[in-house]
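Undergrad: Take a look at this one; I'll ask things after.
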Amino acid sequence: MVKNIFLALGLALPLVGCVTTTSPVATTKSYSVDSDTYQSTGKSQRIKTIVLHYTVSDNERSIKTLTTGNVSAHYLVLDNDDDKIYNLVPENERAWHAGDGGFAGRTILNDTSIGIEIVNVGIKPEYRGALKDDTLDYHPYEHYADFDELQIKKVAQLVQDIAARYDISPKNIVGHADIAPSRKIDPGAKCPWQRLYDEYGIGAWYDEFDKQFFMHPDAFAAATIPEIKQAFRDYGYQINDTDAWDKASRDVVYAFQLHFRPEQPTGNMDRETYAILQALNKKYAGRDDFY
């Protein structure tokens, strides 16, 4: 029996030897982050794009939608007669305003953009069913609601400030329709893009001299569909590579016209639209500030 006891102890000893009897000693040293000694030159601002929207609603419903739901924007401009612009999401945080789409080589624009919502009903109530009878493919200029004068001034001040702080390229100040032409039409034909450019130096606009140069009928007649679509891509628009003006392609044309020829947004590629596109590319192509 004694022999059995010693045998049992002998088997147990190796197991006892495997048991750790000490615990790791936690370090008490703290390390500082040095942000001054070395600095990289290969860097740029994260914010590359400003996207303008309209809310398709009134003040109360716009506030509720943008503060309690799954859609948001960094800024909200009401149509109140006051001196306030409402900051709903800090600029260093990601607002959910852009959705699927892209511009200037970027396709996840919520990550690199500032979204500004402007209270506006969009299409006037009497015209909201105008596309359902198949007589119209797109809303014309007169179907859109006007923006309040005070809203325009607030948006101008806000965009000027943001664009200056982040050094945003003029062509990257866009509308929701520009980045998602098959889904969205805001901020619509009544957004005063040319006025914002002329009076406040905001965004991109073509030079009339260049437009007239490209208005030569032979130039448009000689341009192929793939060449024109490439010109849209050169400016920043996402457009397919089909050899036809299909609905998706015409959506891009319509979005472009809402921005740069708002009085005649037809969705049809014509000589004036071609001339404006070429004039814009002459002035801005290659200024994507992609990196």
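Chain lettering (A, B, ...) mirrors the order of the structure tokens, residue numbering begins at 1 for each chain separately, and ligand numbering begins at 1 in order of display.
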As a PyMOL selection string, please: all residues of stretch 109-239 of chain A that backbone DSSP puts in helix (DSSP H, G or I).

TA: chain A and resi 109-111+125-127+141-143+149-166+170-172+176-179+193-200+208-214+217-222+225-235

Undergrad: Give me the residues within 9 Å of stretch 273-288 of chain A as an MDAnalysis selection string, counting only C-alpha atoms and dropping any in the same chain fewer than 5 places off.

TA: chainID A and resid 48 104:105 169:172 204:216 219:220 228 231:232 234:236 253 256:257 260:261 268

Undergrad: Take the residues that were just selected and, keeping N, CA and C atoms, output them as a compact mmCIF listing (two decimals), in the first residue's frame.

TA:
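Produced file selection31.txt, reproduced below:
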# COMPACT_ATOMS: atom_id res chain seq x y z
N LYS A 48 -13.56 66.54 -48.61
CA LYS A 48 -13.28 66.88 -50.00
C LYS A 48 -14.48 67.49 -50.73
N ALA A 104 -16.13 62.62 -58.71
CA ALA A 104 -14.69 62.90 -58.76
C ALA A 104 -13.87 61.73 -58.23
N GLY A 105 -14.30 60.50 -58.57
CA GLY A 105 -13.53 59.34 -58.19
C GLY A 105 -13.82 58.78 -56.82
N SER A 169 -12.11 71.98 -53.56
CA SER A 169 -12.11 72.38 -54.96
C SER A 169 -13.48 72.91 -55.35
N PRO A 170 -13.56 73.98 -56.14
CA PRO A 170 -14.87 74.53 -56.54
C PRO A 170 -15.79 73.49 -57.17
N LYS A 171 -15.24 72.60 -57.98
CA LYS A 171 -16.08 71.61 -58.66
C LYS A 171 -16.60 70.53 -57.73
N ASN A 172 -16.07 70.46 -56.51
CA ASN A 172 -16.54 69.49 -55.53
C ASN A 172 -17.58 70.08 -54.58
N ALA A 204 -18.34 75.95 -58.87
CA ALA A 204 -17.79 76.05 -60.23
C ALA A 204 -18.84 76.63 -61.17
N TRP A 205 -18.35 77.35 -62.17
CA TRP A 205 -19.22 77.83 -63.24
C TRP A 205 -18.35 78.04 -64.48
N TYR A 206 -18.97 77.88 -65.63
CA TYR A 206 -18.22 77.99 -66.88
C TYR A 206 -18.06 79.45 -67.30
N ASP A 207 -17.07 79.69 -68.14
CA ASP A 207 -16.88 81.01 -68.74
C ASP A 207 -17.69 81.08 -70.04
N GLU A 208 -18.44 82.16 -70.20
CA GLU A 208 -19.32 82.28 -71.36
C GLU A 208 -18.54 82.27 -72.67
N PHE A 209 -17.36 82.84 -72.67
CA PHE A 209 -16.55 82.84 -73.90
C PHE A 209 -16.24 81.41 -74.33
N ASP A 210 -15.85 80.57 -73.37
CA ASP A 210 -15.54 79.19 -73.70
C ASP A 210 -16.78 78.45 -74.16
N LYS A 211 -17.90 78.70 -73.52
CA LYS A 211 -19.14 78.06 -73.94
C LYS A 211 -19.45 78.40 -75.40
N GLN A 212 -19.35 79.66 -75.76
CA GLN A 212 -19.66 80.05 -77.13
C GLN A 212 -18.69 79.43 -78.12
N PHE A 213 -17.45 79.26 -77.72
CA PHE A 213 -16.47 78.61 -78.58
C PHE A 213 -16.90 77.17 -78.89
N PHE A 214 -17.36 76.46 -77.87
CA PHE A 214 -17.74 75.06 -78.05
C PHE A 214 -19.16 74.90 -78.61
N MET A 215 -19.87 76.00 -78.81
CA MET A 215 -21.22 75.92 -79.37
C MET A 215 -21.21 75.67 -80.87
N HIS A 216 -20.06 75.64 -81.49
CA HIS A 216 -19.99 75.41 -82.93
C HIS A 216 -20.69 74.09 -83.26
N ALA A 219 -18.73 70.81 -83.91
CA ALA A 219 -18.07 70.14 -82.79
C ALA A 219 -19.01 69.13 -82.14
N PHE A 220 -20.25 69.53 -81.91
CA PHE A 220 -21.21 68.62 -81.29
C PHE A 220 -21.57 67.47 -82.23
N ILE A 228 -18.54 61.91 -75.40
CA ILE A 228 -19.28 62.82 -74.52
C ILE A 228 -19.37 62.24 -73.12
N ALA A 231 -16.30 62.85 -71.31
CA ALA A 231 -16.21 64.24 -70.86
C ALA A 231 -16.95 64.42 -69.53
N PHE A 232 -18.09 63.76 -69.37
CA PHE A 232 -18.79 63.79 -68.08
C PHE A 232 -17.92 63.19 -66.99
N ASP A 234 -14.68 63.03 -66.98
CA ASP A 234 -13.55 63.94 -66.75
C ASP A 234 -13.92 65.02 -65.76
N TYR A 235 -15.17 65.45 -65.81
CA TYR A 235 -15.59 66.49 -64.87
C TYR A 235 -15.84 65.93 -63.47
N GLY A 236 -16.27 64.68 -63.40
CA GLY A 236 -16.50 64.07 -62.09
C GLY A 236 -17.72 63.19 -61.99
N VAL A 253 -27.37 63.49 -67.53
CA VAL A 253 -27.53 64.73 -68.31
C VAL A 253 -28.49 65.67 -67.59
N PHE A 256 -26.86 67.22 -64.54
CA PHE A 256 -25.92 68.24 -65.00
C PHE A 256 -26.66 69.51 -65.39
N GLN A 257 -27.77 69.37 -66.10
CA GLN A 257 -28.55 70.53 -66.52
C GLN A 257 -29.19 71.24 -65.33
N PHE A 260 -26.19 73.31 -64.15
CA PHE A 260 -25.52 74.27 -65.02
C PHE A 260 -26.40 74.87 -66.12
N ARG A 261 -27.61 74.34 -66.33
CA ARG A 261 -28.55 74.97 -67.26
C ARG A 261 -29.96 74.75 -66.71
N ASN A 268 -32.06 65.57 -72.23
CA ASN A 268 -31.59 65.30 -73.59
C ASN A 268 -30.23 65.96 -73.81

Undergrad: Using backbone DSSP assignments, extract all strand (DSSP E or B) residues from stretch 65-208 of chain A; output them as a VMD selection string.

TA: chain A and resid 75 to 77 86 to 87 103 106 113 to 118 123 144 173 to 175

Undergrad: Could you tell me how far atom CA of A:Leu78 lies from atom CA of A:His259, in Å and to one decimal?

TA: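 Atom-to-atom, atom CA of A:Leu78 to atom CA of A:His259, that is 21.8 Å.
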